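Structure file work_26.cif with mmCIF, C-alpha atoms and all ligand atoms:
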data_data
loop_
_atom_site.label_atom_id
_atom_site.label_comp_id
_atom_site.auth_asym_id
_atom_site.auth_seq_id
_atom_site.Cartn_x
_atom_site.Cartn_y
_atom_site.Cartn_z
CA MET A 14 30.56 -7.65 -20.06
CA ASP A 15 32.10 -10.86 -21.31
CA CYS A 16 34.52 -11.53 -18.45
CA ILE A 17 34.97 -15.09 -17.17
CA PHE A 18 35.95 -13.93 -13.69
CA CYS A 19 32.93 -11.59 -13.43
CA LYS A 20 30.79 -14.61 -14.38
CA ILE A 21 32.41 -16.59 -11.53
CA ILE A 22 31.77 -13.66 -9.14
CA ASN A 23 28.13 -13.52 -10.26
CA LYS A 24 27.79 -17.31 -9.86
CA GLU A 25 26.99 -17.67 -13.55
CA LYS A 26 29.96 -20.04 -13.86
CA PRO A 27 30.71 -22.75 -11.28
CA THR A 28 34.08 -22.82 -9.61
CA ASP A 29 35.98 -24.34 -6.70
CA MET A 30 35.52 -21.44 -4.25
CA ILE A 31 38.06 -21.03 -1.46
CA TYR A 32 37.08 -17.66 0.01
CA GLU A 33 34.46 -14.96 -0.42
CA ASP A 34 33.64 -11.65 1.21
CA ASP A 35 31.88 -8.50 -0.01
CA LYS A 36 34.90 -7.31 -2.00
CA ILE A 37 37.07 -10.32 -2.84
CA ILE A 38 36.82 -13.95 -3.92
CA ALA A 39 39.41 -16.71 -4.20
CA PHE A 40 39.07 -19.96 -6.11
CA LYS A 41 41.18 -22.80 -7.46
CA ASP A 42 42.81 -22.27 -10.84
CA ILE A 43 41.19 -24.53 -13.45
CA ASN A 44 44.60 -25.43 -14.86
CA PRO A 45 46.95 -25.61 -11.84
CA VAL A 46 50.69 -25.36 -12.39
CA ALA A 47 51.49 -26.21 -8.75
CA PRO A 48 49.89 -28.44 -6.08
CA VAL A 49 48.34 -25.28 -4.61
CA HIS A 50 47.24 -22.79 -7.28
CA ILE A 51 44.61 -20.32 -6.13
CA LEU A 52 43.44 -17.11 -7.80
CA ILE A 53 42.55 -14.14 -5.59
CA ILE A 54 40.53 -11.43 -7.30
CA PRO A 55 38.61 -8.26 -6.46
CA LYS A 56 34.88 -8.35 -7.22
CA LYS A 57 35.36 -4.96 -8.86
CA HIS A 58 36.28 -5.44 -12.52
CA ILE A 59 39.75 -3.90 -12.67
CA PRO A 60 41.35 -5.15 -15.91
CA SER A 61 44.96 -5.25 -14.68
CA VAL A 62 47.55 -3.69 -12.36
CA ASP A 63 47.90 -1.05 -15.06
CA HIS A 64 44.29 0.01 -14.40
CA ILE A 65 44.47 0.35 -10.59
CA GLU A 66 43.35 3.79 -9.40
CA VAL A 67 44.16 5.64 -6.18
CA GLN A 68 40.72 4.85 -4.74
CA ASP A 69 41.48 1.11 -5.16
CA LYS A 70 44.47 1.14 -2.81
CA GLU A 71 42.60 -0.25 0.21
CA LEU A 72 41.09 -3.01 -1.93
CA ILE A 73 44.53 -3.92 -3.29
CA GLY A 74 45.89 -4.16 0.25
CA LYS A 75 43.01 -6.45 1.20
CA LEU A 76 43.89 -8.83 -1.64
CA PHE A 77 47.19 -9.49 0.09
CA LEU A 78 45.50 -9.99 3.46
CA VAL A 79 43.29 -12.63 1.83
CA VAL A 80 46.41 -14.32 0.44
CA GLN A 81 47.85 -14.35 3.96
CA LYS A 82 44.62 -15.74 5.44
CA ILE A 83 44.44 -18.58 2.90
CA ALA A 84 48.14 -19.37 3.35
CA ARG A 85 47.69 -19.57 7.12
CA GLU A 86 44.56 -21.71 6.85
CA LYS A 87 46.33 -24.08 4.49
CA LYS A 88 49.45 -23.97 6.68
CA LEU A 89 51.65 -23.14 3.71
CA LYS A 90 55.28 -22.88 4.76
CA GLY A 91 56.12 -20.70 1.81
CA TYR A 92 54.48 -19.54 -1.39
CA LYS A 93 54.78 -17.39 -4.46
CA ILE A 94 52.44 -14.62 -5.55
CA GLY A 95 52.31 -13.92 -9.28
CA ILE A 96 50.60 -11.15 -11.19
CA ASN A 97 50.69 -11.07 -14.98
CA VAL A 98 50.09 -7.71 -16.62
CA GLY A 99 49.16 -7.36 -20.29
CA ARG A 100 49.48 -9.94 -23.08
CA GLU A 101 53.24 -9.52 -23.22
CA GLY A 102 53.29 -10.09 -19.46
CA GLY A 103 51.40 -13.38 -19.82
CA GLN A 104 47.96 -12.07 -18.80
CA ILE A 105 45.13 -13.99 -20.46
CA ILE A 106 42.13 -12.96 -18.35
CA ASP A 107 41.62 -9.21 -18.22
CA HIS A 108 40.35 -9.08 -14.65
CA LEU A 109 43.02 -8.36 -12.04
CA HIS A 110 44.09 -11.53 -10.20
CA LEU A 111 46.87 -12.78 -7.96
CA HIS A 112 48.17 -16.29 -8.45
CA LEU A 113 48.97 -17.98 -5.13
CA LEU A 114 51.33 -20.87 -5.82
CA ALA A 115 52.73 -23.41 -3.37
CA GLY A 116 53.92 -26.96 -3.02
CA ARG A 117 56.17 -26.97 -6.05
CA GLU A 118 59.79 -28.00 -5.64
P1 LIG A 201 46.64 -15.11 -16.41
O1 LIG A 201 47.50 -15.72 -17.46
O2 LIG A 201 45.59 -14.20 -17.01
O3 LIG A 201 47.44 -14.45 -15.33
O4 LIG A 201 45.94 -16.30 -15.68
C1 LIG A 201 44.63 -16.68 -15.89
C2 LIG A 201 44.43 -17.95 -15.12
O5 LIG A 201 43.03 -18.19 -15.05
C3 LIG A 201 45.07 -19.17 -15.74
O6 LIG A 201 45.98 -19.75 -14.80
C4 LIG A 201 43.89 -20.09 -16.05
O7 LIG A 201 44.18 -21.45 -15.83
C5 LIG A 201 42.81 -19.57 -15.13
N1 LIG A 201 41.46 -19.73 -15.64
C6 LIG A 201 41.01 -19.40 -16.88
N2 LIG A 201 39.70 -19.65 -17.01
C7 LIG A 201 39.29 -20.14 -15.80
C8 LIG A 201 38.03 -20.58 -15.30
O8 LIG A 201 37.01 -20.56 -15.99
N3 LIG A 201 38.00 -21.03 -14.02
C9 LIG A 201 39.11 -21.04 -13.23
N4 LIG A 201 38.97 -21.50 -11.98
N5 LIG A 201 40.33 -20.64 -13.66
C10 LIG A 201 40.41 -20.18 -14.93
ZN ZN A 202 35.69 -9.05 -14.72
#

Before we go any further, please render this structure as structure tokens.
Ligand code: 5GP
Ligand code: ZN
Amino acid sequence: MDCIFCKIINKEKPTDMIYEDDKIIAFKDINPVAPVHILIIPKKHIPSVDHIEVQDKELIGKLFLVVQKIAREKKLKGYKIGINVGREGGQIIDHLHLHLLAGRE
């Protein structure tokens, strides 16, 4: 499968890794739009929110716990979580990801 994020998961493409466990990774966005811009993604290739299935619900919950963990570690006072869905929703990479954004006025 020709998915950039799966290549990052499989260590076929280098990245600035922030977090990794058996189900989830987080890494710095290559083109940050805020001082803190981290992508949190499941290792399972789910193309978008529109493709989440009932059996993914625990995994989806864990994504948010990873956001919380990173935010606490980085002592972020506040942050935004963004999820783009579909081309018309601004999604470019078809592998589900949360944008964690902070430090922007
Ligand atoms: P989307 O528009 O799909 O929600 O966001 C995709 C994000 O992935 C963009 O913010 C883009 O900068 C980031 N991105 C695309 N390719 C790479 C890459 O190879 N490495 C990293 N770290 N980020 C990437
Ligand atoms: Zn993928």

Do you have, as a Markdown table, the list of residues of chain A lying at most 6 Å from ligand ZN 202 (chain A), each with its nearest atom pair and that distance in Å to one decimal, counting all atoms listed in the file and ordered by chain then number?
| residue | atom | partner | partner_atom | distance |
| --- | --- | --- | --- | --- |
| A:Cys16 | CA | A:ZN202 | ZN | 4.6 |
| A:Phe18 | CA | A:ZN202 | ZN | 5.0 |
| A:Cys19 | CA | A:ZN202 | ZN | 4.0 |
| A:His58 | CA | A:ZN202 | ZN | 4.3 |
| A:His108 | CA | A:ZN202 | ZN | 4.7 |

task = Report as number ranges by chain which protein, DNA and RNA residues come within 9 Å of ligand LIG 201 (chain A), using all atoms listed in the file.
result = A: 17-18, 20-21, 26-30, 40-46, 50-52, 95-100, 102-112

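Residues lying within 8 Å of segment 67-75 of chain A, counting all atoms listed in the file and ignoring same-chain neighbours fewer than 4 positions away, are Lys36, Pro55 and Val79 of chain A.
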
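Counting from atom CA of Lys24 of chain A, the distance to atom CA of Arg85 of chain A is 26.3 Å.
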
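Taking atom CA of Val49 of chain A as the reference point, atom CA of Leu113 of chain A is found at 7.3 Å.
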
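Of note, atom CA of Ala84 of chain A and atom CA of Arg117 of chain A are spaced 14.5 Å apart.
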
Distance criterion (only C-alpha atoms): nearest to Lys56 of chain A out of A:Ile83, A:Ile31, A:Leu89, A:Ile22 = A:Ile22

query = With only C-alpha atoms as the basis for distance, which of A:Leu76, A:Ile65, A:Glu25, A:Asp35 is at the shortest distance from Ile53 of chain A?
reply = A:Leu76

key: Selected residue of minimal separation from Val80 of chain A among A:Glu33, A:Pro48, A:Pro60, A:Gly116, counting all atoms listed in the file   = A:Glu33

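The nearest approach to Lys87 of chain A among the residues A:Ile54, A:Val62, A:Leu114, A:Ile37, with all atoms listed in the file taken into account, belongs to A:Leu114.
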